[in-house]
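Take a look at the structure below.
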Amino acid sequence: MKLINKSHVAKKMPARLAVNTICKGLFFLATLVGLLVLAILFYRIFTQGIGSLNGDFLQNFASRKPEEAGIKAALIGSIWLMVVVAPVSLLLGVGTAIYLEEYARKNWITTFIKVNISNLAGVPSIVFGLLGLTVFVRALALDRSILAAGLTMSLLVLPVIIVAAQEAIRAVPRDLREASFGMGATKWQTILKVVLPAAIPGILTGGILALSRAIGETAPLVVVGIPMFIAFLPQTVMDTFTVLPMQIYNWTSRPQEEFQQVAAAGIIVLLILLIFMNSIAVIIRNKFQKRY
Amino acid sequence: MNMTLTREKESPAIEIDNVGSAALTEKVYETSNLNLWYGENHALKNINLDMHQNEVTAIIGPSGCGKSTYIKTLNRMIELVPDVKTTGQIKYRNRNILDQSYKVEDLRTQVGMVFQKPNPFPKSIYENVVYGPKIHGIKNKKILDEIVEKSLKGAAIWDEVKDRLHENAYGLSGGQQQRLCIARCLAIEPDVILMDEPTSALDPISTLKIEELVQELKKDFSIIIVTHNMQQAARISDRTAFFLNGEVIEYSDTNTIFSNPNDKRTEDYITGRFG
């Protein structure tokens with residue numbers, strides 16, 4: 001006796017196929033919404049800002065006159081910030097992830113730590129600003145320096161990097177570790193030669209996302225007290241500075257119409273910097289994927 | 001007639017060893033009163049087994065009988081599993097490896113392992129073979145080149161890969177990958193090779209090649225092999241241990257186990273009545 005009525009199955013078939021088609025359309029629409037908004041944003045910013053974007057704009061300091069206003073201090077400042085944030089956050093983040101995933105015993109304490117790191121990723125950035133103000137600016141007397149701001153930003157993005165690195169490390173197949181241990185490799189040799197090379201693409205993806213967040217973040221720097229208007233370039237990490245998003249925020253809050261165009265030009269510069277950073281990550285990633 | 005083991009926990013195992021010439025070979029492993037728990041689960045119960053130099057010792061038994069657990073205890077790979085507890089002794093060359101002062105790294109340079117699933121590194125064939133020697137500090141390019149050739153020849157895969165040593169190992173077939181893993185294991189010049197169901201993921205022809213290889217390798221190494229496949233144990237091993245529910249039911253020379261088993265359960269298993 002057959003339990004399945006084939007004619008019933010055949011009758012249901014068109015409806016199943018129709019639902020599939022409808023779902024495909026819905027998901028395409030969802031994708032389209034994001035893409036459309038992005039396209040509109042790009043269109044607006046480029047039409048508005050491209051006129052102001054020229055050599056002078058890149059070489060001038062900020063100014064009260066929109067036609068003379070430039071982005072030099074902020075652009076260089078953002079790069080300085082990255083010079084501090086990238087090594088500090090990546091080294092601390094990847095180091096923490098390695099410890100938690102490879103060395104730490106699996107017990108309730110490490111579970112507690114892991115959960116809290118994920119929670120930290122959701123803490124508002126302004127709270128990190130307050131932390132930076134208390135610890136780095138005041139207690140360690142680093143003042144409103146690149147170092148103080150950079151360390152604050154590093155703390156802000158650290159949870160994201162740790163979580164991404166943990167996931168990348170965890171995704172390395174267990175049998176590769178076993179193969180390495182089986183030949184008498186120490187834990188560190190296994191991490192260095194097997195785990196990290198396999199995890200680097202994932203770590204970099206998370207790392208770049210985190211750095212992109214750091215380069216676009218304003219709130220913690222406002223709390224730390226980074227100035228919005230500056231007419232000199234920092235010489236060391238102990239100097240004060242400003243960054244692109246602060247400068248853009250400053251321009252957009254001005255009443256003059258011309259400053260809106262200057263701000264749009266600033267956003268273009270920020271976008272180009274982001275694309276540049278992302279492409280570096282892609283290059284490094286491809287290099288490792290080729291080798292492995 | 002041969003080595004048998006009592007299963008009763010209250011009385012220690014008595015070995016009656018008169019396998020003749022084989023009894024003269026040196027023992028590489030002596031396991032006495034080994035017990036192992038995964039948390040609350042008593043996975044190995046009072047294991048007493050000796051393994052001999054230049055022999056192939058097969059461990060057979062149904063799934064979940066503890067044979068994989070046991071072989072992983074021999075190089076302490078079992079420690080990767082959290083919450084494992086052991087009691088008793090495993091002496092490797094007269095030193096108790098379960099003693100925590102015995103460094104696992106040290107043990108594993110003497111005792112290589114081939115795993116169930118071929119697990120080459122996602123690197124070139126050459127890099128796979130030199131991985132072990134390199135981590136042991138050998139840097140000389142000439143020596144490394146020689147190790148690669150010798151190991152790949154030893155694993156009977158040299159002719160197939162000698163022209164593409166620098167290609168990724170993932171391009172090899174499953175059987176070739178497993179022989180590469182054996183080569184990688186030979187490269188550290190171990191004393192003992194542990195094989196945990198090395199052919200269970202392979203096709204019959206690749207399996208045959210590995211079996212032939214094991215016969216070659218026992219001239220230079222002592223081999224302990226876990227296998228699902230009773231015919232394989234019968235074909236390639238000198239001694240066979242039959243595990244059931246974490247206990248050694250019978251341990252004897254392979255001919256005896258397969259032609260004249262002592263225990264009813266061994267007979268039932270090898271005749272295919274269960275398992």
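Labels for the structure tokens follow display order: chains A, B, ..., residues from 1 in each chain, ligands from 1.
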Write out as a ChimeraX atom specification each polymer residue whose atoms come within 10 Å of region 187-202 of chain A, counting only C-alpha atoms; drop sequence neighbours fewer than 2 positions from it. /A:94,98,102-103,164-174,176-181,184-185,204-207,281-282,284-289,291-292 /B:105,121-123,131,135
Can I get the selected residues back with N, CA and C atoms, as a CSV table (one decimal), in the first residue's frame?
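Written out: result.csv:
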chain,number,residue,atom,x,y,z
A,94,VAL,N,43.7,40.2,18.3
A,94,VAL,CA,44.0,38.8,17.9
A,94,VAL,C,44.7,38.0,19.0
A,98,ILE,N,43.3,34.5,20.4
A,98,ILE,CA,44.2,33.3,20.5
A,98,ILE,C,44.1,32.7,21.9
A,102,GLU,N,42.5,29.2,22.1
A,102,GLU,CA,43.5,28.1,22.1
A,102,GLU,C,44.1,27.7,23.4
A,103,TYR,N,44.3,28.7,24.2
A,103,TYR,CA,45.1,28.4,25.5
A,103,TYR,C,44.1,28.2,26.7
A,164,ALA,N,35.4,38.7,15.9
A,164,ALA,CA,35.7,38.2,14.5
A,164,ALA,C,36.9,37.2,14.5
A,165,ALA,N,37.9,37.6,15.2
A,165,ALA,CA,39.1,36.7,15.2
A,165,ALA,C,38.8,35.4,15.9
A,166,GLN,N,38.0,35.4,17.0
A,166,GLN,CA,37.6,34.1,17.6
A,166,GLN,C,36.9,33.2,16.7
A,167,GLU,N,35.9,33.8,15.9
A,167,GLU,CA,35.2,33.0,15.0
A,167,GLU,C,36.1,32.5,13.9
A,168,ALA,N,37.0,33.3,13.4
A,168,ALA,CA,37.9,32.8,12.3
A,168,ALA,C,38.8,31.7,12.8
A,169,ILE,N,39.2,31.8,14.1
A,169,ILE,CA,40.1,30.8,14.7
A,169,ILE,C,39.3,29.5,14.9
A,170,ARG,N,38.1,29.7,15.4
A,170,ARG,CA,37.3,28.5,15.6
A,170,ARG,C,36.9,27.8,14.3
A,171,ALA,N,36.9,28.5,13.2
A,171,ALA,CA,36.5,27.9,11.9
A,171,ALA,C,37.6,27.0,11.3
A,172,VAL,N,38.8,27.1,11.9
A,172,VAL,CA,39.9,26.3,11.4
A,172,VAL,C,39.6,24.9,11.7
A,173,PRO,N,39.6,24.0,10.7
A,173,PRO,CA,39.2,22.6,11.0
A,173,PRO,C,40.1,21.9,12.1
A,174,ARG,N,39.5,21.2,13.0
A,174,ARG,CA,40.1,20.5,14.1
A,174,ARG,C,41.2,19.5,13.6
A,176,LEU,N,43.2,19.7,11.2
A,176,LEU,CA,44.5,20.4,10.9
A,176,LEU,C,45.3,20.6,12.1
A,177,ARG,N,44.6,21.0,13.2
A,177,ARG,CA,45.3,21.1,14.5
A,177,ARG,C,45.9,19.8,14.9
A,178,GLU,N,45.0,18.7,14.8
A,178,GLU,CA,45.5,17.4,15.2
A,178,GLU,C,46.7,17.0,14.5
A,179,ALA,N,46.7,17.2,13.1
A,179,ALA,CA,47.8,16.8,12.3
A,179,ALA,C,49.1,17.5,12.9
A,180,SER,N,49.0,18.7,13.2
A,180,SER,CA,50.2,19.4,13.7
A,180,SER,C,50.6,18.9,15.1
A,181,PHE,N,49.7,18.8,16.0
A,181,PHE,CA,50.0,18.3,17.3
A,181,PHE,C,50.6,16.9,17.2
A,184,GLY,N,54.2,16.5,17.1
A,184,GLY,CA,55.0,17.0,18.2
A,184,GLY,C,55.2,18.5,18.1
A,185,ALA,N,54.3,19.2,17.4
A,185,ALA,CA,54.3,20.7,17.4
A,185,ALA,C,53.8,21.2,18.7
A,204,LEU,N,41.1,39.4,9.0
A,204,LEU,CA,41.2,40.7,8.3
A,204,LEU,C,39.9,41.3,8.0
A,205,THR,N,38.9,40.4,7.6
A,205,THR,CA,37.6,40.9,7.3
A,205,THR,C,37.0,41.6,8.5
A,206,GLY,N,37.1,41.0,9.6
A,206,GLY,CA,36.6,41.6,10.8
A,206,GLY,C,37.4,42.8,11.2
A,207,GLY,N,38.7,42.7,11.0
A,207,GLY,CA,39.6,43.8,11.4
A,207,GLY,C,39.3,45.1,10.6
A,281,ALA,N,43.0,45.3,2.4
A,281,ALA,CA,42.6,44.1,3.1
A,281,ALA,C,42.3,43.0,2.1
A,282,VAL,N,41.7,43.3,1.0
A,282,VAL,CA,41.4,42.3,-0.1
A,282,VAL,C,42.7,41.8,-0.6
A,284,ILE,N,45.7,41.6,0.8
A,284,ILE,CA,46.3,40.7,1.8
A,284,ILE,C,45.6,39.4,1.8
A,285,ARG,N,44.2,39.5,1.8
A,285,ARG,CA,43.4,38.2,1.9
A,285,ARG,C,43.7,37.3,0.7
A,286,ASN,N,43.7,37.9,-0.5
A,286,ASN,CA,44.0,37.1,-1.7
A,286,ASN,C,45.3,36.5,-1.6
A,287,LYS,N,46.3,37.2,-1.1
A,287,LYS,CA,47.6,36.7,-1.1
A,287,LYS,C,47.7,35.4,-0.2
A,288,PHE,N,47.0,35.5,0.9
A,288,PHE,CA,47.0,34.3,1.8
A,288,PHE,C,46.1,33.2,1.3
A,289,GLN,N,45.1,33.5,0.6
A,289,GLN,CA,44.2,32.5,0.0
A,289,GLN,C,45.0,31.7,-1.1
A,291,ARG,N,48.2,31.3,-1.2
A,291,ARG,CA,49.2,30.4,-0.6
A,291,ARG,C,48.6,29.2,0.1
A,292,TYR,N,47.4,29.4,0.6
A,292,TYR,CA,46.8,28.3,1.3
A,292,TYR,C,45.6,27.7,0.6
B,105,GLU,N,54.9,16.9,23.5
B,105,GLU,CA,55.6,17.2,22.3
B,105,GLU,C,56.8,16.2,22.1
B,121,PHE,N,47.8,19.6,5.2
B,121,PHE,CA,47.6,21.0,5.4
B,121,PHE,C,47.3,21.6,4.0
B,122,PRO,N,46.6,22.8,4.0
B,122,PRO,CA,46.4,23.4,2.7
B,122,PRO,C,47.6,24.1,2.2
B,123,LYS,N,48.7,23.3,2.1
B,123,LYS,CA,49.9,23.9,1.6
B,123,LYS,C,50.4,22.9,0.4
B,131,TYR,N,56.8,19.8,7.1
B,131,TYR,CA,56.3,20.5,8.3
B,131,TYR,C,56.8,20.0,9.6
B,135,ILE,N,59.3,22.1,12.3
B,135,ILE,CA,59.0,22.5,13.6
B,135,ILE,C,60.0,21.9,14.6
For region 34-50 of chain B, please output as a PyMOL selection string all residues within 6 Å (counting only C-alpha atoms; exclusion window: fewer than 3 positions along the same chain). chain B and resi 29-31+83-89+246-247
Could the residues in this selection be written to a file with C-alpha atoms, as a PDB file, in the first residue's frame?
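The resulting file, out-v1.pdb, is shown below:
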ATOM      1  CA  TYR B  29      54.172  -0.128  24.638  1.00  0.00           C
ATOM      2  CA  GLU B  30      53.108  -1.722  27.887  1.00  0.00           C
ATOM      3  CA  THR B  31      49.676  -0.713  29.067  1.00  0.00           C
ATOM      4  CA  ASP B  83      37.153  16.490  30.774  1.00  0.00           C
ATOM      5  CA  VAL B  84      39.108  13.289  30.237  1.00  0.00           C
ATOM      6  CA  LYS B  85      40.454  11.396  33.238  1.00  0.00           C
ATOM      7  CA  THR B  86      42.808   8.430  33.191  1.00  0.00           C
ATOM      8  CA  THR B  87      44.244   6.048  35.743  1.00  0.00           C
ATOM      9  CA  GLY B  88      46.821   3.313  35.298  1.00  0.00           C
ATOM     10  CA  GLN B  89      49.973   3.291  33.241  1.00  0.00           C
ATOM     11  CA  GLY B 246      35.723  -0.440  26.616  1.00  0.00           C
ATOM     12  CA  GLU B 247      37.294  -3.762  27.561  1.00  0.00           C
TER      13      GLU B 247
END
Which distance in Å separates CA of Pro204 (chain B) and CA of Tyr269 (chain B), to one decimal? 22.3 Å
Among the residues B:Ile147, B:Ile157, B:Ile223, B:Val104, the one that comes closest to chain A [using only C-alpha atoms]: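 Of all the options, B:Val104 lies closest to chain A.
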What residues in chain B have any atom no more than 9 Å from chain A when counting only C-alpha atoms, and can you write them as an MDAnalysis selection string? chainID B and resid 75 77 80 82 104:115 117:124 131:133 135:136 168 181 184:185 188
Could you dump the residues just selected with C-alpha atoms as an mmCIF file, in the first residue's frame?
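Produced file selection_32.cif, reproduced below:
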data_model
loop_
_atom_site.group_PDB
_atom_site.id
_atom_site.type_symbol
_atom_site.label_atom_id
_atom_site.label_comp_id
_atom_site.auth_asym_id
_atom_site.auth_seq_id
_atom_site.Cartn_x
_atom_site.Cartn_y
_atom_site.Cartn_z
ATOM 1 C CA ASN B 75 50.109 9.628 21.953
ATOM 2 C CA MET B 77 45.942 13.095 21.620
ATOM 3 C CA LEU B 80 42.407 17.543 23.301
ATOM 4 C CA PRO B 82 37.980 18.318 27.554
ATOM 5 C CA VAL B 104 53.508 15.404 24.839
ATOM 6 C CA GLU B 105 55.647 17.194 22.260
ATOM 7 C CA ASP B 106 58.482 14.845 23.164
ATOM 8 C CA LEU B 107 56.269 11.768 22.963
ATOM 9 C CA ARG B 108 54.804 12.780 19.615
ATOM 10 C CA THR B 109 58.173 13.174 17.972
ATOM 11 C CA GLN B 110 58.619 9.451 18.673
ATOM 12 C CA VAL B 111 55.070 8.360 17.997
ATOM 13 C CA GLY B 112 53.533 9.559 14.752
ATOM 14 C CA MET B 113 49.882 9.381 13.883
ATOM 15 C CA VAL B 114 47.815 8.893 10.748
ATOM 16 C CA PHE B 115 44.199 9.906 11.089
ATOM 17 C CA LYS B 117 40.272 11.276 7.401
ATOM 18 C CA PRO B 118 43.228 12.392 5.269
ATOM 19 C CA ASN B 119 44.186 15.755 6.765
ATOM 20 C CA PRO B 120 46.945 17.346 4.710
ATOM 21 C CA PHE B 121 47.638 21.008 5.379
ATOM 22 C CA PRO B 122 46.369 23.407 2.711
ATOM 23 C CA LYS B 123 49.942 23.853 1.566
ATOM 24 C CA SER B 124 52.126 22.362 -1.135
ATOM 25 C CA TYR B 131 56.251 20.506 8.321
ATOM 26 C CA GLY B 132 57.346 18.084 11.034
ATOM 27 C CA PRO B 133 61.110 18.382 10.495
ATOM 28 C CA ILE B 135 59.000 22.465 13.627
ATOM 29 C CA HIS B 136 61.712 20.288 15.111
ATOM 30 C CA ASN B 168 48.755 22.250 -3.362
ATOM 31 C CA CYS B 181 49.846 12.060 5.431
ATOM 32 C CA ARG B 184 54.392 13.495 6.526
ATOM 33 C CA CYS B 185 54.398 11.164 9.507
ATOM 34 C CA ILE B 188 59.723 13.005 11.576
#
DSSP on the backbone, then: every residue of region 51-252 of chain A marked helix (DSSP H, G or I), written as a ChimeraX atom specification. /A:55-59,72-103,108-120,125-139,146-170,174-182,187-216,219-224,244-252
Among region 63-148 of chain B, which ones does DSSP place in strand (DSSP E), written as a PyMOL selection string? chain B and resi 84-92+95-96+111-114
Using the selection just defined, write its residues with C-alpha atoms as a compact mmCIF listing (two decimals), in the first residue's frame.
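Writing the result to selection_16.txt gives the following:
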# COMPACT_ATOMS: atom_id res chain seq x y z
CA VAL B 84 39.11 13.29 30.24
CA LYS B 85 40.45 11.40 33.24
CA THR B 86 42.81 8.43 33.19
CA THR B 87 44.24 6.05 35.74
CA GLY B 88 46.82 3.31 35.30
CA GLN B 89 49.97 3.29 33.24
CA ILE B 90 51.07 3.29 29.65
CA LYS B 91 54.76 2.69 29.36
CA TYR B 92 56.40 3.66 26.11
CA ARG B 95 58.61 5.37 30.62
CA ASN B 96 55.09 6.14 31.77
CA VAL B 111 55.07 8.36 18.00
CA GLY B 112 53.53 9.56 14.75
CA MET B 113 49.88 9.38 13.88
CA VAL B 114 47.82 8.89 10.75
Applying 7 Å and only C-alpha atoms, which residues near region 141-155 of chain A remain after dropping the ones on its own chain fewer than 3 positions away? List them as an mmCIF file with N, CA and C atoms, in the first residue's frame.
data_model
loop_
_atom_site.group_PDB
_atom_site.id
_atom_site.type_symbol
_atom_site.label_atom_id
_atom_site.label_comp_id
_atom_site.auth_asym_id
_atom_site.auth_seq_id
_atom_site.Cartn_x
_atom_site.Cartn_y
_atom_site.Cartn_z
ATOM 1 N N LEU A 81 45.403 58.659 13.152
ATOM 2 C CA LEU A 81 44.567 57.873 14.062
ATOM 3 C C LEU A 81 44.662 56.385 13.718
ATOM 4 N N VAL A 84 47.699 54.577 14.901
ATOM 5 C CA VAL A 84 47.646 54.121 16.290
ATOM 6 C C VAL A 84 46.653 52.964 16.436
ATOM 7 N N VAL A 85 45.454 53.139 15.874
ATOM 8 C CA VAL A 85 44.368 52.174 16.134
ATOM 9 C C VAL A 85 44.669 50.800 15.518
ATOM 10 N N VAL A 88 47.410 48.678 17.505
ATOM 11 C CA VAL A 88 46.998 48.430 18.892
ATOM 12 C C VAL A 88 45.809 47.481 18.932
ATOM 13 N N SER A 89 44.772 47.782 18.146
ATOM 14 C CA SER A 89 43.555 46.968 18.245
ATOM 15 C C SER A 89 43.755 45.588 17.640
ATOM 16 N N PHE A 128 32.537 54.696 25.484
ATOM 17 C CA PHE A 128 33.982 54.508 25.332
ATOM 18 C C PHE A 128 34.697 55.859 25.366
ATOM 19 N N GLY A 129 34.019 56.897 24.846
ATOM 20 C CA GLY A 129 34.581 58.244 24.902
ATOM 21 C C GLY A 129 34.808 58.676 26.339
ATOM 22 N N GLY A 132 37.725 56.817 27.734
ATOM 23 C CA GLY A 132 38.975 57.373 27.223
ATOM 24 C C GLY A 132 39.321 58.677 27.920
ATOM 25 N N PHE A 136 42.644 57.800 29.681
ATOM 26 C CA PHE A 136 43.795 58.233 28.878
ATOM 27 C C PHE A 136 44.052 59.735 28.994
ATOM 28 N N VAL A 137 42.996 60.547 28.829
ATOM 29 C CA VAL A 137 43.194 61.997 28.831
ATOM 30 C C VAL A 137 43.564 62.492 30.227
ATOM 31 N N ARG A 138 42.819 62.023 31.241
ATOM 32 C CA ARG A 138 43.043 62.554 32.597
ATOM 33 C C ARG A 138 44.048 61.703 33.376
ATOM 34 N N LEU A 158 37.893 47.053 19.729
ATOM 35 C CA LEU A 158 38.494 45.801 20.198
ATOM 36 C C LEU A 158 37.495 44.641 20.278
ATOM 37 N N ALA A 214 36.078 52.697 13.076
ATOM 38 C CA ALA A 214 36.882 53.652 13.831
ATOM 39 C C ALA A 214 37.105 54.929 13.034
ATOM 40 N N LEU A 221 35.333 60.816 20.138
ATOM 41 C CA LEU A 221 36.346 61.864 20.014
ATOM 42 C C LEU A 221 35.817 63.199 20.502
ATOM 43 N N VAL A 224 36.251 62.962 24.169
ATOM 44 C CA VAL A 224 37.665 63.069 24.538
ATOM 45 C C VAL A 224 38.133 64.516 24.408
ATOM 46 N N GLY A 225 37.460 65.290 23.554
ATOM 47 C CA GLY A 225 37.778 66.708 23.454
ATOM 48 C C GLY A 225 38.662 67.062 22.275
ATOM 49 N N ILE A 226 38.593 66.247 21.223
ATOM 50 C CA ILE A 226 39.381 66.547 20.024
ATOM 51 C C ILE A 226 38.795 67.783 19.343
ATOM 52 N N VAL A 237 52.654 61.537 18.019
ATOM 53 C CA VAL A 237 51.388 61.013 18.523
ATOM 54 C C VAL A 237 50.923 61.770 19.754
ATOM 55 N N MET A 238 51.781 62.633 20.313
ATOM 56 C CA MET A 238 51.370 63.377 21.498
ATOM 57 C C MET A 238 50.690 64.690 21.136
ATOM 58 N N ASP A 239 50.674 65.057 19.836
ATOM 59 C CA ASP A 239 50.039 66.307 19.420
ATOM 60 C C ASP A 239 48.534 66.129 19.307
ATOM 61 N N THR A 240 47.845 67.268 19.370
ATOM 62 C CA THR A 240 46.406 67.184 19.163
ATOM 63 C C THR A 240 46.109 67.242 17.670
ATOM 64 N N PHE A 241 44.906 66.896 17.280
ATOM 65 C CA PHE A 241 44.594 66.732 15.855
ATOM 66 C C PHE A 241 43.081 66.732 15.670
#
Go ahead and compute the interatomic distance for CA of Asn54 (chain A) and CA of Gly70 (chain A), in Å to one decimal. 9.4 Å
From CA of Leu32 (chain A) to CA of Ile272 (chain A) the spacing works out at 23.4 Å
Give me the residues within 8 Å of region 227-243 of chain B as a PyMOL selection string, counting only C-alpha atoms and dropping any in the same chain fewer than 4 places off. chain B and resi 55-63+65-67+196-198+200+211+214-215+247-255+257-258+266+270
For Leu120 (chain A), which residue among A:Ala231, A:Val157, A:Leu36, A:Ala10 is the nearest when counting only C-alpha atoms? A:Val157
